[in-house]
$ cat structure-v1.pdb   # PDB, C-alpha atoms, pLDDT in the B column
MODEL        1
ATOM      1  CA  MET A   1      53.030  75.022 130.687  1.00 64.00           C
ATOM      2  CA  THR A   2      52.710  71.375 131.713  1.00 75.00           C
ATOM      3  CA  LEU A   3      55.534  69.381 133.270  1.00 77.00           C
ATOM      4  CA  LYS A   4      55.831  67.375 130.049  1.00 82.00           C
ATOM      5  CA  LYS A   5      56.281  70.536 127.972  1.00 82.00           C
ATOM      6  CA  LEU A   6      58.736  71.945 130.512  1.00 81.00           C
ATOM      7  CA  PHE A   7      60.764  68.755 130.255  1.00 84.00           C
ATOM      8  CA  TYR A   8      60.656  68.938 126.448  1.00 86.00           C
ATOM      9  CA  TRP A   9      61.727  72.609 126.478  1.00 86.00           C
ATOM     10  CA  PHE A  10      64.721  71.842 128.674  1.00 87.00           C
ATOM     11  CA  TRP A  11      66.062  68.813 126.809  1.00 90.00           C
ATOM     12  CA  SER A  12      65.214  69.950 123.281  1.00 90.00           C
ATOM     13  CA  THR A  13      67.062  73.234 123.803  1.00 90.00           C
ATOM     14  CA  LEU A  14      70.068  71.416 125.272  1.00 91.00           C
ATOM     15  CA  ALA A  15      70.095  68.975 122.358  1.00 92.00           C
ATOM     16  CA  LEU A  16      69.717  71.681 119.710  1.00 93.00           C
ATOM     17  CA  GLY A  17      72.425  73.836 121.292  1.00 91.00           C
ATOM     18  CA  SER A  18      74.806  70.892 121.602  1.00 90.00           C
ATOM     19  CA  VAL A  19      74.348  69.727 118.016  1.00 92.00           C
ATOM     20  CA  THR A  20      74.667  73.293 116.671  1.00 92.00           C
ATOM     21  CA  ALA A  21      77.824  73.958 118.687  1.00 91.00           C
ATOM     22  CA  LEU A  22      79.495  70.674 117.705  1.00 91.00           C
ATOM     23  CA  VAL A  23      78.700  71.021 114.000  1.00 91.00           C
ATOM     24  CA  LEU A  24      79.699  74.685 113.893  1.00 91.00           C
ATOM     25  CA  ALA A  25      82.967  74.001 115.752  1.00 89.00           C
ATOM     26  CA  PHE A  26      83.750  71.191 113.297  1.00 89.00           C
ATOM     27  CA  VAL A  27      83.069  73.427 110.273  1.00 90.00           C
ATOM     28  CA  LEU A  28      85.071  76.369 111.652  1.00 88.00           C
ATOM     29  CA  GLU A  29      88.053  74.153 112.478  1.00 86.00           C
ATOM     30  CA  ILE A  30      88.032  72.778 108.929  1.00 87.00           C
ATOM     31  CA  LEU A  31      87.870  76.297 107.448  1.00 86.00           C
ATOM     32  CA  VAL A  32      90.643  77.626 109.693  1.00 81.00           C
ATOM     33  CA  GLY A  33      92.728  74.469 109.513  1.00 77.00           C
ATOM     34  CA  GLN A  34      93.506  74.243 113.217  1.00 79.00           C
ATOM     35  CA  LYS A  35      92.034  73.044 116.495  1.00 80.00           C
ATOM     36  CA  MET A  36      90.290  75.934 118.224  1.00 77.00           C
ATOM     37  CA  PHE A  37      87.680  74.316 120.471  1.00 78.00           C
ATOM     38  CA  GLY A  38      89.633  71.473 122.086  1.00 77.00           C
ATOM     39  CA  ASP A  39      88.734  67.789 121.978  1.00 80.00           C
ATOM     40  CA  ILE A  40      85.225  66.391 121.701  1.00 83.00           C
ATOM     41  CA  THR A  41      84.718  66.387 125.485  1.00 86.00           C
ATOM     42  CA  GLN A  42      85.616  70.072 125.773  1.00 86.00           C
ATOM     43  CA  GLN A  43      83.395  70.896 122.815  1.00 85.00           C
ATOM     44  CA  LEU A  44      80.487  69.015 124.370  1.00 87.00           C
ATOM     45  CA  LEU A  45      80.929  70.796 127.707  1.00 89.00           C
ATOM     46  CA  LEU A  46      81.068  74.156 125.917  1.00 87.00           C
ATOM     47  CA  SER A  47      77.955  73.377 123.888  1.00 88.00           C
ATOM     48  CA  LEU A  48      75.982  72.262 126.946  1.00 90.00           C
ATOM     49  CA  THR A  49      77.091  75.373 128.838  1.00 91.00           C
ATOM     50  CA  LEU A  50      75.959  77.693 126.043  1.00 91.00           C
ATOM     51  CA  ALA A  51      72.590  75.926 125.762  1.00 92.00           C
ATOM     52  CA  ALA A  52      72.105  76.113 129.540  1.00 93.00           C
ATOM     53  CA  VAL A  53      72.959  79.828 129.518  1.00 93.00           C
ATOM     54  CA  ALA A  54      70.364  80.342 126.769  1.00 93.00           C
ATOM     55  CA  GLU A  55      67.750  78.557 128.878  1.00 93.00           C
ATOM     56  CA  LEU A  56      68.552  80.707 131.914  1.00 93.00           C
ATOM     57  CA  GLY A  57      68.344  83.807 129.738  1.00 92.00           C
ATOM     58  CA  PHE A  58      64.970  82.722 128.405  1.00 93.00           C
ATOM     59  CA  PHE A  59      63.630  82.120 131.900  1.00 92.00           C
ATOM     60  CA  ALA A  60      64.943  85.540 132.997  1.00 93.00           C
ATOM     61  CA  TYR A  61      63.208  87.126 129.985  1.00 93.00           C
ATOM     62  CA  LEU A  62      59.882  85.507 130.882  1.00 91.00           C
ATOM     63  CA  VAL A  63      60.125  86.897 134.429  1.00 92.00           C
ATOM     64  CA  PHE A  64      61.184  90.327 133.143  1.00 91.00           C
ATOM     65  CA  ASN A  65      58.384  90.358 130.562  1.00 89.00           C
ATOM     66  CA  PHE A  66      55.805  89.445 133.216  1.00 89.00           C
ATOM     67  CA  LEU A  67      56.990  92.236 135.538  1.00 90.00           C
ATOM     68  CA  ALA A  68      57.289  94.783 132.711  1.00 88.00           C
ATOM     69  CA  LYS A  69      53.738  94.131 131.530  1.00 87.00           C
ATOM     70  CA  GLY A  70      52.544  94.553 135.104  1.00 87.00           C
ATOM     71  CA  LEU A  71      54.303  97.914 135.457  1.00 89.00           C
ATOM     72  CA  ILE A  72      53.644  99.237 131.943  1.00 88.00           C
ATOM     73  CA  ARG A  73      50.038  98.410 131.161  1.00 86.00           C
ATOM     74  CA  ASN A  74      49.841 100.590 128.047  1.00 89.00           C
ATOM     75  CA  LYS A  75      50.813  98.535 124.960  1.00 88.00           C
ATOM     76  CA  LEU A  76      52.380 101.499 123.164  1.00 91.00           C
ATOM     77  CA  GLY A  77      54.405 102.444 126.223  1.00 92.00           C
ATOM     78  CA  TYR A  78      55.527  98.842 126.636  1.00 92.00           C
ATOM     79  CA  ASP A  79      56.634  98.570 122.981  1.00 92.00           C
ATOM     80  CA  VAL A  80      58.496 101.888 123.105  1.00 94.00           C
ATOM     81  CA  THR A  81      60.290 100.821 126.282  1.00 93.00           C
ATOM     82  CA  MET A  82      61.328  97.513 124.691  1.00 94.00           C
ATOM     83  CA  LEU A  83      62.596  99.283 121.564  1.00 95.00           C
ATOM     84  CA  VAL A  84      64.567 101.850 123.582  1.00 95.00           C
ATOM     85  CA  LEU A  85      66.199  99.114 125.658  1.00 95.00           C
ATOM     86  CA  THR A  86      66.998  97.160 122.489  1.00 95.00           C
ATOM     87  CA  VAL A  87      68.684 100.168 120.880  1.00 95.00           C
ATOM     88  CA  ILE A  88      70.635 100.947 124.075  1.00 95.00           C
ATOM     89  CA  VAL A  89      71.969  97.403 124.480  1.00 94.00           C
ATOM     90  CA  LEU A  90      72.820  97.039 120.778  1.00 94.00           C
ATOM     91  CA  GLY A  91      74.433 100.491 120.732  1.00 92.00           C
ATOM     92  CA  ASN A  92      76.418  99.601 123.838  1.00 90.00           C
ATOM     93  CA  LEU A  93      77.778  96.506 122.086  1.00 89.00           C
ATOM     94  CA  VAL A  94      78.885  98.598 119.107  1.00 87.00           C
ATOM     95  CA  TYR A  95      80.490 101.145 121.463  1.00 85.00           C
ATOM     96  CA  LEU A  96      82.256  98.347 123.356  1.00 82.00           C
ATOM     97  CA  ASN A  97      83.764  97.106 120.093  1.00 77.00           C
ATOM     98  CA  ALA A  98      84.737 100.646 119.088  1.00 77.00           C
ATOM     99  CA  VAL A  99      86.599 101.135 122.379  1.00 76.00           C
ATOM    100  CA  LYS A 100      88.361  97.741 122.342  1.00 75.00           C
ATOM    101  CA  PHE A 101      89.264  97.519 118.668  1.00 70.00           C
ATOM    102  CA  SER A 102      90.383  99.831 115.884  1.00 66.00           C
ATOM    103  CA  GLY A 103      90.982  99.725 112.153  1.00 63.00           C
ATOM    104  CA  GLU A 104      90.073  96.555 110.286  1.00 62.00           C
ATOM    105  CA  SER A 105      89.582  94.615 113.523  1.00 71.00           C
ATOM    106  CA  PHE A 106      86.757  96.977 114.523  1.00 72.00           C
ATOM    107  CA  TRP A 107      84.852  96.419 111.279  1.00 78.00           C
ATOM    108  CA  LEU A 108      85.281  92.657 111.600  1.00 78.00           C
ATOM    109  CA  HIS A 109      83.931  92.738 115.152  1.00 77.00           C
ATOM    110  CA  LEU A 110      80.935  94.761 113.944  1.00 85.00           C
ATOM    111  CA  LEU A 111      79.809  91.568 112.205  1.00 89.00           C
ATOM    112  CA  ILE A 112      78.670  90.252 115.591  1.00 89.00           C
ATOM    113  CA  PRO A 113      76.101  93.036 116.290  1.00 91.00           C
ATOM    114  CA  PHE A 114      75.022  92.862 112.639  1.00 93.00           C
ATOM    115  CA  ILE A 115      74.425  89.087 112.800  1.00 94.00           C
ATOM    116  CA  ILE A 116      72.498  89.458 116.056  1.00 95.00           C
ATOM    117  CA  LEU A 117      70.274  92.233 114.667  1.00 95.00           C
ATOM    118  CA  LEU A 118      69.654  90.492 111.330  1.00 96.00           C
ATOM    119  CA  THR A 119      68.746  87.209 113.040  1.00 96.00           C
ATOM    120  CA  ALA A 120      66.504  89.053 115.507  1.00 96.00           C
ATOM    121  CA  LEU A 121      64.599  90.783 112.694  1.00 96.00           C
ATOM    122  CA  ILE A 122      64.051  87.475 110.867  1.00 96.00           C
ATOM    123  CA  VAL A 123      62.961  85.606 114.004  1.00 96.00           C
ATOM    124  CA  ALA A 124      60.648  88.452 115.046  1.00 95.00           C
ATOM    125  CA  LYS A 125      58.967  88.330 111.626  1.00 95.00           C
ATOM    126  CA  LEU A 126      58.542  84.559 111.880  1.00 95.00           C
ATOM    127  CA  LYS A 127      57.071  84.952 115.368  1.00 94.00           C
ATOM    128  CA  GLU A 128      54.660  87.586 114.106  1.00 93.00           C
ATOM    129  CA  LYS A 129      53.462  85.263 111.339  1.00 93.00           C
ATOM    130  CA  SER A 130      53.067  82.378 113.789  1.00 90.00           C
ATOM    131  CA  THR A 131      51.118  84.419 116.348  1.00 89.00           C
ATOM    132  CA  ASN A 132      50.186  88.073 115.834  1.00 89.00           C
ATOM    133  CA  VAL A 133      51.720  91.484 115.185  1.00 90.00           C
ATOM    134  CA  SER A 134      51.984  92.304 118.903  1.00 90.00           C
ATOM    135  CA  ALA A 135      54.679  89.627 119.305  1.00 91.00           C
ATOM    136  CA  TYR A 136      57.140  91.354 116.948  1.00 94.00           C
ATOM    137  CA  ILE A 137      58.737  93.881 119.314  1.00 94.00           C
ATOM    138  CA  PRO A 138      58.985  91.577 122.382  1.00 93.00           C
ATOM    139  CA  THR A 139      60.619  88.925 120.175  1.00 94.00           C
ATOM    140  CA  LEU A 140      63.024  91.478 118.721  1.00 95.00           C
ATOM    141  CA  PHE A 141      63.862  92.647 122.238  1.00 96.00           C
ATOM    142  CA  PHE A 142      64.498  89.111 123.470  1.00 95.00           C
ATOM    143  CA  MET A 143      66.629  88.065 120.512  1.00 96.00           C
ATOM    144  CA  VAL A 144      68.844  91.160 120.729  1.00 96.00           C
ATOM    145  CA  VAL A 145      69.046  91.915 124.449  1.00 95.00           C
ATOM    146  CA  ALA A 146      69.061  88.364 125.803  1.00 95.00           C
ATOM    147  CA  THR A 147      71.616  87.151 123.263  1.00 95.00           C
ATOM    148  CA  ILE A 148      73.982  90.056 123.929  1.00 94.00           C
ATOM    149  CA  LEU A 149      73.729  89.684 127.708  1.00 93.00           C
ATOM    150  CA  GLU A 150      74.249  85.924 127.461  1.00 93.00           C
ATOM    151  CA  ALA A 151      77.284  86.424 125.203  1.00 91.00           C
ATOM    152  CA  ILE A 152      79.005  89.066 127.364  1.00 87.00           C
ATOM    153  CA  PRO A 153      81.509  86.583 128.887  1.00 82.00           C
ATOM    154  CA  SER A 154      82.721  85.818 125.345  1.00 80.00           C
ATOM    155  CA  ILE A 155      82.444  89.316 123.902  1.00 78.00           C
ATOM    156  CA  ASN A 156      84.043  91.190 126.806  1.00 71.00           C
ATOM    157  CA  SER A 157      86.239  88.608 128.514  1.00 60.00           C
ATOM    158  CA  LYS A 158      88.283  89.759 131.511  1.00 55.00           C
ATOM    159  CA  ALA A 159      90.957  87.219 130.599  1.00 48.00           C
ATOM    160  CA  GLY A 160      91.897  89.106 127.438  1.00 52.00           C
ATOM    161  CA  GLU A 161      90.794  89.217 123.815  1.00 64.00           C
ATOM    162  CA  ILE A 162      89.006  86.097 122.594  1.00 69.00           C
ATOM    163  CA  PRO A 163      89.451  85.161 118.903  1.00 76.00           C
ATOM    164  CA  LEU A 164      86.598  86.456 116.738  1.00 80.00           C
ATOM    165  CA  LEU A 165      85.686  82.959 115.503  1.00 85.00           C
ATOM    166  CA  ILE A 166      85.130  81.736 119.070  1.00 86.00           C
ATOM    167  CA  ILE A 167      82.894  84.767 119.763  1.00 87.00           C
ATOM    168  CA  PHE A 168      81.062  84.050 116.512  1.00 89.00           C
ATOM    169  CA  HIS A 169      80.621  80.411 117.536  1.00 90.00           C
ATOM    170  CA  SER A 170      79.167  81.329 120.939  1.00 92.00           C
ATOM    171  CA  VAL A 171      76.823  83.970 119.526  1.00 94.00           C
ATOM    172  CA  VAL A 172      75.469  81.691 116.784  1.00 94.00           C
ATOM    173  CA  VAL A 173      74.756  78.876 119.253  1.00 94.00           C
ATOM    174  CA  LEU A 174      72.958  81.315 121.581  1.00 95.00           C
ATOM    175  CA  LEU A 175      70.962  82.740 118.661  1.00 96.00           C
ATOM    176  CA  VAL A 176      69.855  79.269 117.559  1.00 95.00           C
ATOM    177  CA  CYS A 177      68.785  78.309 121.088  1.00 95.00           C
ATOM    178  CA  ASN A 178      67.002  81.614 121.673  1.00 95.00           C
ATOM    179  CA  ALA A 179      65.239  81.464 118.308  1.00 96.00           C
ATOM    180  CA  TRP A 180      64.048  77.915 119.048  1.00 94.00           C
ATOM    181  CA  GLN A 181      62.725  78.884 122.465  1.00 94.00           C
ATOM    182  CA  ILE A 182      60.898  82.070 121.476  1.00 94.00           C
ATOM    183  CA  LEU A 183      59.388  80.535 118.321  1.00 93.00           C
ATOM    184  CA  GLN A 184      58.073  77.551 120.282  1.00 91.00           C
ATOM    185  CA  LEU A 185      56.845  79.474 123.340  1.00 87.00           C
ATOM    186  CA  HIS A 186      53.263  79.981 122.142  1.00 81.00           C
ATOM    187  CA  ARG A 187      52.995  76.239 121.461  1.00 82.00           C
ATOM    188  CA  TRP A 188      54.344  75.294 124.882  1.00 79.00           C
ATOM    189  CA  ILE A 189      51.978  77.561 126.795  1.00 78.00           C
ATOM    190  CA  LYS A 190      48.978  76.847 124.583  1.00 69.00           C
ATOM    191  CA  PRO A 191      46.216  75.402 126.781  1.00 63.00           C
ATOM    192  CA  PRO A 192      45.168  71.851 125.900  1.00 57.00           C
ATOM    193  CA  ALA A 193      42.076  71.535 123.742  1.00 56.00           C
ATOM    194  CA  LYS A 194      38.946  70.830 125.768  1.00 52.00           C
ATOM    195  CA  ALA A 195      37.564  67.381 125.332  1.00 42.00           C
ATOM    196  CA  SER A 196      34.329  67.429 123.459  1.00 40.00           C
ATOM    197  CA  GLN A 197      31.349  66.803 125.674  1.00 43.00           C
ATOM    198  CA  THR A 198      29.439  63.620 125.065  1.00 41.00           C
ATOM    199  CA  LYS A 199      25.868  64.062 124.210  1.00 39.00           C
TER     200      LYS A 199
ENDMDL
END
$ encode --input "structure-v1.pdb" --output "structure tokens"
Amino acid sequence: MTLKKLFYWFWSTLALGSVTALVLAFVLEILVGQKMFGDITQQLLLSLTLAAVAELGFFAYLVFNFLAKGLIRNKLGYDVTMLVLTVIVLGNLVYLNAVKFSGESFWLHLLIPFIILLTALIVAKLKEKSTNVSAYIPTLFFMVVATILEAIPSINSKAGEIPLLIIFHSVVVLLVCNAWQILQLHRWIKPPAKASQTK
């Protein structure tokens, strides 16, 4: 990845995350009929924070993926490991909701894992079409595991229960940023075309 592409990755993800967060906050506040995300300055700070967290998560995934491929050289073993970790993390999120909530609140909070999984499946399919079939499981792993880990401060806050719409807002922004990054990765690391030799 060249310095120019690195610069583009950083600022494009920040911009996309910020715009998504601001628009989504505006729409949710209209639907609910009350201020939930503070003034425009607070919303902007929140959106930039979420986008930055997504970028850190993406960088951590790249390092993890590099190390995992070095340790697990068999493709089948690598894919199985990624799937097992995906199921464990997703199952842990469902269990966390089951422990914290009950009744109707539990079923409402199950929308978060469902949205994450559905988005991950769609993005993984798009990644497969853009590259090759071997990219499906790593993309699925990243979209599920990275998003859940990045969203933990919102999902399992130590300060008490956070309203579901705020959790939804954070998760959607992280999903958009993560989808953008993973779908663009093969373009960013694509080596430049060799200049044709003059005869």
$ closest_residue --input "structure-v1.pdb" --among "A:Val133, A:Val176, A:Leu6, A:Leu16" --to "A:Phe59" --atoms "only C-alpha atoms"
A:Leu6
$ residues_around --input "structure-v1.pdb" --residues "stretch 38-52 of chain A" --least-positions-apart "4" --cutoff "6 Å" --atoms "all atoms listed in the file" --output "number ranges by chain"
A: 14, 17-18, 21
$ atom_distance --input "structure-v1.pdb" --atom1 "atom CA of A:Thr139" --atom2 "atom CA of A:Leu85"
12.8 Å
$ residues_around --input "structure-v1.pdb" --residues "A:Tyr136" --least-positions-apart "3" --cutoff "7 Å" --atoms "all atoms listed in the file" --output "ChimeraX atom specification"
/A:124-125,127-128,133,139-140
$ residues_around --input "structure-v1.pdb" --residues "A:Lys4" --least-positions-apart "4" --cutoff "10 Å" --atoms "only C-alpha atoms" --output "list in words"
Tyr8, Trp9 and Trp188 of chain A
$ residues_around --input "structure-v1.pdb" --residues "stretch 141-143 of chain A" --least-positions-apart "6" --cutoff "9 Å" --atoms "all atoms listed in the file" --output "PDB file with C-alpha atoms, keeping the file's coordinate frame"
ATOM      1  CA  PHE A  58      64.970  82.722 128.405  1.00 93.00           C
ATOM      2  CA  TYR A  61      63.208  87.126 129.985  1.00 93.00           C
ATOM      3  CA  MET A  82      61.328  97.513 124.691  1.00 94.00           C
ATOM      4  CA  LEU A  83      62.596  99.283 121.564  1.00 95.00           C
ATOM      5  CA  LEU A  85      66.199  99.114 125.658  1.00 95.00           C
ATOM      6  CA  THR A  86      66.998  97.160 122.489  1.00 95.00           C
ATOM      7  CA  ILE A 116      72.498  89.458 116.056  1.00 95.00           C
ATOM      8  CA  LEU A 117      70.274  92.233 114.667  1.00 95.00           C
ATOM      9  CA  THR A 119      68.746  87.209 113.040  1.00 96.00           C
ATOM     10  CA  ALA A 120      66.504  89.053 115.507  1.00 96.00           C
ATOM     11  CA  LEU A 121      64.599  90.783 112.694  1.00 96.00           C
ATOM     12  CA  VAL A 123      62.961  85.606 114.004  1.00 96.00           C
ATOM     13  CA  ALA A 124      60.648  88.452 115.046  1.00 95.00           C
ATOM     14  CA  LEU A 175      70.962  82.740 118.661  1.00 96.00           C
ATOM     15  CA  ASN A 178      67.002  81.614 121.673  1.00 95.00           C
ATOM     16  CA  ALA A 179      65.239  81.464 118.308  1.00 96.00           C
ATOM     17  CA  ILE A 182      60.898  82.070 121.476  1.00 94.00           C
TER      18      ILE A 182
END
$ closest_residue --input "structure-v1.pdb" --among "A:Asn156, A:Phe114, A:Val32, A:Gln181" --to "A:Val99" --atoms "all atoms listed in the file"
A:Asn156
$ resolve_selection --input "structure-v1.pdb" --expression "the PyMOL selection byres ((chain A and resi 92) around 12)" --output "ChimeraX atom specification"
/A:85-91,93-99,110,113,144-145,148-149,152,155-156
$ closest_residue --input "structure-v1.pdb" --among "A:Ala54, A:Ile189, A:Met36, A:Leu67" --to "A:Pro163" --atoms "only C-alpha atoms"
A:Met36
$ resolve_selection --input "structure-v1.pdb" --expression "the PyMOL selection byres ((chain A and resi 75-80) around 10)" --output "list in words"
Asn65, Ala68, Lys69, Gly70, Leu71, Ile72, Arg73, Asn74, Thr81, Met82, Leu83, Val84, Leu85, Thr86, Ser134, Ala135, Tyr136, Ile137, Pro138 and Phe141 of chain A
$ atom_distance --input "structure-v1.pdb" --atom1 "atom CA of A:Ser170" --atom2 "atom CA of A:Ser105"
18.4 Å
$ atom_distance --input "structure-v1.pdb" --atom1 "atom CA of A:Ser130" --atom2 "atom CA of A:His186"
8.7 Å
$ closest_residue --input "structure-v1.pdb" --among "A:Ile166, A:Leu28, A:Ser12, A:Leu183" --to "A:Pro153" --atoms "all atoms listed in the file"
A:Ile166
